[in-house]
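Trainee: Supplied in structure tokens, the structure appears directly below.
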Amino acid sequence: MIQYKQFPLGSLGTNCYVVYDDTKQCVIVDGDGSGRPVMDFIEQEGLHVGMILLTHAHFDHMGALPALKQAYGCEVGLGAEDEPLLSQPALNLSALMGAPLSFQADRLFQDGDTFSVGQMHFTVLHTPGHTQGSVCYLVDHLLLSGDTLFAGSCGRVDFPTGNAAAMMASLRRLANLEGDYTVLPGHEGVTTLSRERRLNPYLND
């Protein structure tokens, strides 16, 4: 069985997720701040971190990378088209916060890429709009949507490399996925794709 734990972290309460299976393998998705609550949970549950995944390269989703990378030494995966944002503080918005961040990813994902960690089998969906390289991750019944899809809303498109038309195309793509998913967004509460199909105005435009 695949489970998850949500951690609102950092100054913007950005959601970090630990997704794990019965073999105690896990991935960490996004993360800001010190990362300490995440590390405490991983130690408490006896989990082994197989990879750190980023949905996109904005400061509030990558601020915990130094601590997490040092603690676990695992690969960091990111949508390929967000690679420039990860390394450039002006693009990842960390320069505006007075604490410039610059990193390199170990794995750059393309649309449709698949990979496994433990018994978890992930599919990468390229969902540009919030940033040019934003991705969502599908694993079992979970849709990790980053800042593409929120409960009742969607991510902003007025940051560097954002694009409104691309966002609408990405949201239509998510709406057209087969079946239902538990949606784990980058901010605010968890929802379901069936609920968003019914109630989210951006999926019914």
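Going by the structure tokens order, chains are called A, B, ..., each with residues numbered from 1, while ligands are numbered from 1 in the order shown.
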Can you pull out the residues contacting Pro37 in chain A? Cut-off 12 Å, using only C-alpha atoms, and skip same-chain residues under 6 positions away; I want them as a list of chain:residue names.
Mentor: A:Lys5, A:Gln6, A:Phe7, A:Pro8, A:Leu9, A:Gly10, A:Asn15, A:Cys16, A:Tyr17, A:Val18, A:Gly31, A:Glu43, A:Gln44, A:Ala64, A:Ala67, A:Leu68
Trainee: DSSP on the backbone: which residues in range 42-183 of chain A end up as strand (DSSP E or B)? Give the answer as a JSON list (two decimals) with N, CA and C atoms, in the first residue's frame.
Mentor:
```
[["chain", "number", "residue", "atom", "x", "y", "z"],
["A", 48, "HIS", "N", 13.57, 4.68, 4.09],
["A", 48, "HIS", "CA", 14.78, 4.90, 3.29],
["A", 48, "HIS", "C", 14.42, 5.79, 2.11],
["A", 49, "VAL", "N", 15.13, 6.91, 1.97],
["A", 49, "VAL", "CA", 14.82, 7.88, 0.92],
["A", 49, "VAL", "C", 15.49, 7.48, -0.39],
["A", 50, "GLY", "N", 14.68, 7.21, -1.40],
["A", 50, "GLY", "CA", 15.21, 6.80, -2.69],
["A", 50, "GLY", "C", 15.46, 7.95, -3.65],
["A", 51, "MET", "N", 14.71, 9.05, -3.49],
["A", 51, "MET", "CA", 14.85, 10.18, -4.41],
["A", 51, "MET", "C", 14.13, 11.39, -3.84],
["A", 52, "ILE", "N", 14.62, 12.57, -4.20],
["A", 52, "ILE", "CA", 13.93, 13.83, -3.92],
["A", 52, "ILE", "C", 13.38, 14.33, -5.25],
["A", 53, "LEU", "N", 12.09, 14.59, -5.30],
["A", 53, "LEU", "CA", 11.44, 15.04, -6.53],
["A", 53, "LEU", "C", 10.99, 16.48, -6.37],
["A", 75, "GLU", "N", 19.44, 11.11, -5.28],
["A", 75, "GLU", "CA", 19.27, 11.92, -6.48],
["A", 75, "GLU", "C", 18.12, 12.91, -6.32],
["A", 76, "VAL", "N", 18.27, 14.04, -7.01],
["A", 76, "VAL", "CA", 17.21, 15.04, -7.11],
["A", 76, "VAL", "C", 16.69, 15.04, -8.54],
["A", 77, "GLY", "N", 15.38, 14.86, -8.69],
["A", 77, "GLY", "CA", 14.77, 14.83, -10.01],
["A", 77, "GLY", "C", 13.89, 16.04, -10.26],
["A", 78, "LEU", "N", 13.89, 16.52, -11.50],
["A", 78, "LEU", "CA", 13.21, 17.76, -11.88],
["A", 78, "LEU", "C", 12.81, 17.69, -13.34],
["A", 79, "GLY", "N", 11.72, 18.36, -13.71],
["A", 79, "GLY", "CA", 11.39, 18.50, -15.12],
["A", 79, "GLY", "C", 12.50, 19.19, -15.88],
["A", 107, "ARG", "N", 18.68, 14.16, -12.07],
["A", 107, "ARG", "CA", 17.87, 13.56, -13.13],
["A", 107, "ARG", "C", 16.93, 14.61, -13.68],
["A", 108, "LEU", "N", 16.87, 14.70, -14.99],
["A", 108, "LEU", "CA", 15.99, 15.64, -15.68],
["A", 108, "LEU", "C", 14.93, 14.84, -16.43],
["A", 109, "PHE", "N", 13.68, 15.06, -16.05],
["A", 109, "PHE", "CA", 12.59, 14.26, -16.58],
["A", 109, "PHE", "C", 11.95, 14.89, -17.81],
["A", 114, "THR", "N", 9.03, 7.25, -16.89],
["A", 114, "THR", "CA", 8.61, 6.43, -15.77],
["A", 114, "THR", "C", 9.83, 6.00, -14.98],
["A", 115, "PHE", "N", 9.64, 5.80, -13.69],
["A", 115, "PHE", "CA", 10.71, 5.31, -12.82],
["A", 115, "PHE", "C", 10.08, 4.68, -11.60],
["A", 116, "SER", "N", 10.85, 3.87, -10.90],
["A", 116, "SER", "CA", 10.35, 3.18, -9.72],
["A", 116, "SER", "C", 11.25, 3.42, -8.53],
["A", 117, "VAL", "N", 10.64, 3.52, -7.37],
["A", 117, "VAL", "CA", 11.33, 3.54, -6.09],
["A", 117, "VAL", "C", 10.62, 2.53, -5.21],
["A", 120, "MET", "N", 6.86, 1.49, -5.73],
["A", 120, "MET", "CA", 6.13, 2.64, -6.28],
["A", 120, "MET", "C", 6.58, 2.92, -7.70],
["A", 121, "HIS", "N", 5.63, 3.02, -8.60],
["A", 121, "HIS", "CA", 5.92, 3.23, -10.02],
["A", 121, "HIS", "C", 5.35, 4.60, -10.43],
["A", 122, "PHE", "N", 6.24, 5.50, -10.78],
["A", 122, "PHE", "CA", 5.89, 6.89, -11.06],
["A", 122, "PHE", "C", 5.84, 7.15, -12.56],
["A", 123, "THR", "N", 4.92, 8.03, -12.96],
["A", 123, "THR", "CA", 4.87, 8.56, -14.32],
["A", 123, "THR", "C", 4.96, 10.08, -14.24],
["A", 124, "VAL", "N", 5.78, 10.66, -15.10],
["A", 124, "VAL", "CA", 5.98, 12.11, -15.13],
["A", 124, "VAL", "C", 5.09, 12.73, -16.19],
["A", 125, "LEU", "N", 4.34, 13.76, -15.81],
["A", 125, "LEU", "CA", 3.55, 14.54, -16.76],
["A", 125, "LEU", "C", 4.11, 15.95, -16.82],
["A", 126, "HIS", "N", 4.54, 16.38, -17.99],
["A", 126, "HIS", "CA", 4.99, 17.76, -18.17],
["A", 126, "HIS", "C", 3.76, 18.65, -18.23],
["A", 135, "VAL", "N", 6.13, 19.91, -13.60],
["A", 135, "VAL", "CA", 5.68, 18.54, -13.83],
["A", 135, "VAL", "C", 4.75, 18.12, -12.70],
["A", 136, "CYS", "N", 3.91, 17.15, -13.00],
["A", 136, "CYS", "CA", 3.13, 16.43, -12.00],
["A", 136, "CYS", "C", 3.63, 14.99, -12.00],
["A", 137, "TYR", "N", 3.47, 14.34, -10.86],
["A", 137, "TYR", "CA", 3.88, 12.94, -10.73],
["A", 137, "TYR", "C", 2.65, 12.10, -10.40],
["A", 138, "LEU", "N", 2.44, 11.05, -11.17],
["A", 138, "LEU", "CA", 1.40, 10.07, -10.90],
["A", 138, "LEU", "C", 2.03, 8.85, -10.27],
["A", 139, "VAL", "N", 1.46, 8.39, -9.16],
["A", 139, "VAL", "CA", 1.89, 7.14, -8.55],
["A", 139, "VAL", "C", 0.67, 6.50, -7.89],
["A", 142, "LEU", "N", -2.34, 8.53, -6.50],
["A", 142, "LEU", "CA", -1.93, 9.88, -6.11],
["A", 142, "LEU", "C", -1.50, 10.69, -7.33],
["A", 143, "LEU", "N", -1.89, 11.97, -7.32],
["A", 143, "LEU", "CA", -1.44, 12.95, -8.31],
["A", 143, "LEU", "C", -0.77, 14.09, -7.55],
["A", 144, "LEU", "N", 0.54, 14.16, -7.64],
["A", 144, "LEU", "CA", 1.30, 15.23, -7.01],
["A", 144, "LEU", "C", 1.37, 16.38, -7.99],
["A", 145, "SER", "N", 0.57, 17.42, -7.72],
["A", 145, "SER", "CA", 0.30, 18.42, -8.75],
["A", 145, "SER", "C", 1.10, 19.71, -8.62],
["A", 146, "GLY", "N", 1.95, 19.82, -7.59],
["A", 146, "GLY", "CA", 2.75, 21.03, -7.44],
["A", 146, "GLY", "C", 1.89, 22.28, -7.45],
["A", 149, "LEU", "N", -2.19, 22.51, -10.13],
["A", 149, "LEU", "CA", -3.59, 22.36, -9.74],
["A", 149, "LEU", "C", -3.73, 22.45, -8.23],
["A", 150, "PHE", "N", -4.61, 23.33, -7.77],
["A", 150, "PHE", "CA", -4.97, 23.45, -6.36],
["A", 150, "PHE", "C", -6.44, 23.10, -6.19],
["A", 153, "SER", "N", -8.63, 25.96, -7.59],
["A", 153, "SER", "CA", -7.86, 27.01, -8.26],
["A", 153, "SER", "C", -6.69, 26.38, -9.02],
["A", 154, "CYS", "N", -5.77, 27.25, -9.46],
["A", 154, "CYS", "CA", -4.56, 26.79, -10.13],
["A", 154, "CYS", "C", -3.43, 27.77, -9.81],
["A", 182, "THR", "N", -6.29, 11.07, -5.84],
["A", 182, "THR", "CA", -6.12, 12.00, -4.72],
["A", 182, "THR", "C", -5.08, 13.02, -5.15],
["A", 183, "VAL", "N", -5.45, 14.29, -5.15],
["A", 183, "VAL", "CA", -4.58, 15.36, -5.63],
["A", 183, "VAL", "C", -3.83, 15.96, -4.44]]
```
Trainee: Could you find all residues in range 127-176 of chain A that DSSP calls helix (DSSP H, G or I) from the backbone, and write them as an MDAnalysis selection string?
Mentor: chainID A and resid 164:175
Trainee: For the selection you just gave me, I'd like the residues written to a file as an mmCIF file, in the first residue's frame, keeping C-alpha atoms.
Mentor:
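Dumped everything to result.cif:
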```cif
data_model
loop_
_atom_site.group_PDB
_atom_site.id
_atom_site.type_symbol
_atom_site.label_atom_id
_atom_site.label_comp_id
_atom_site.auth_asym_id
_atom_site.auth_seq_id
_atom_site.Cartn_x
_atom_site.Cartn_y
_atom_site.Cartn_z
ATOM 1 C CA ALA A 164 -1.467 31.274 -19.228
ATOM 2 C CA ALA A 165 -2.222 29.334 -22.406
ATOM 3 C CA ALA A 166 0.147 26.561 -21.369
ATOM 4 C CA MET A 167 -1.493 26.432 -17.941
ATOM 5 C CA MET A 168 -4.949 25.983 -19.431
ATOM 6 C CA ALA A 169 -3.680 23.202 -21.691
ATOM 7 C CA SER A 170 -2.053 21.481 -18.707
ATOM 8 C CA LEU A 171 -5.241 21.725 -16.653
ATOM 9 C CA ARG A 172 -7.261 20.242 -19.513
ATOM 10 C CA ARG A 173 -4.777 17.403 -19.663
ATOM 11 C CA LEU A 174 -5.209 16.682 -15.958
ATOM 12 C CA ALA A 175 -8.993 16.898 -16.237
#
```
Trainee: Given only C-alpha atoms as the basis, pick out the residue of A:His56, A:Lys24, A:His187, A:His141 nearest to Ala80 in chain A.
Mentor: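 Result for the nearest residue to Ala80 in chain A: A:His56.
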Trainee: Taking into account only C-alpha atoms, which residue in the set A:Glu45, A:Glu188, A:Asp111, A:Glu81 is nearest to Gly13 in chain A?
Mentor: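 Checking each of A:Glu45, A:Glu188, A:Asp111, A:Glu81 against Gly13 in chain A, counting only C-alpha atoms, the winner is A:Glu188.
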Trainee: Hey, what's within 6 Å of range 88-99 of chain A if we count only C-alpha atoms and toss same-chain stuff fewer than 4 positions away? As a list of chain:residue names, please?
Mentor: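 The residues satisfying every condition are A:Ala57, A:His58, A:Phe59, A:Pro160.
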Trainee: With C-alpha atoms retained, could you export that selection as a PDB file, in the first residue's frame?
Mentor:
```pdb
ATOM      1  CA  ALA A  57      12.078  25.101  -9.372  1.00  0.00           C
ATOM      2  CA  HIS A  58      10.718  27.921  -7.219  1.00  0.00           C
ATOM      3  CA  PHE A  59      12.448  28.852  -3.972  1.00  0.00           C
ATOM      4  CA  PRO A 160       9.330  34.050 -15.020  1.00  0.00           C
TER       5      PRO A 160
END
```
Trainee: Quick one: distance from CA of Gly33 in chain A to CA of Leu101 in chain A in Å, one decimal?
Mentor: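 Interatomic distance here is 12.3 Å.
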Trainee: Please, what distance in Å, to one decimal, runs between CA of Leu177 in chain A and CA of Asp147 in chain A?
Mentor: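 CA of Leu177 in chain A sits 17.7 Å away from CA of Asp147 in chain A.
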Trainee: Which residues, written as a list in words, have at least one atom at most 7 Å from range 191-196 of chain A, with only C-alpha atoms counted and residues fewer than 6 positions away on the same chain left out?
Mentor: Ala151, Gly152, Asp180, Tyr181, Thr182, Val183, Leu184 and Leu203 of chain A
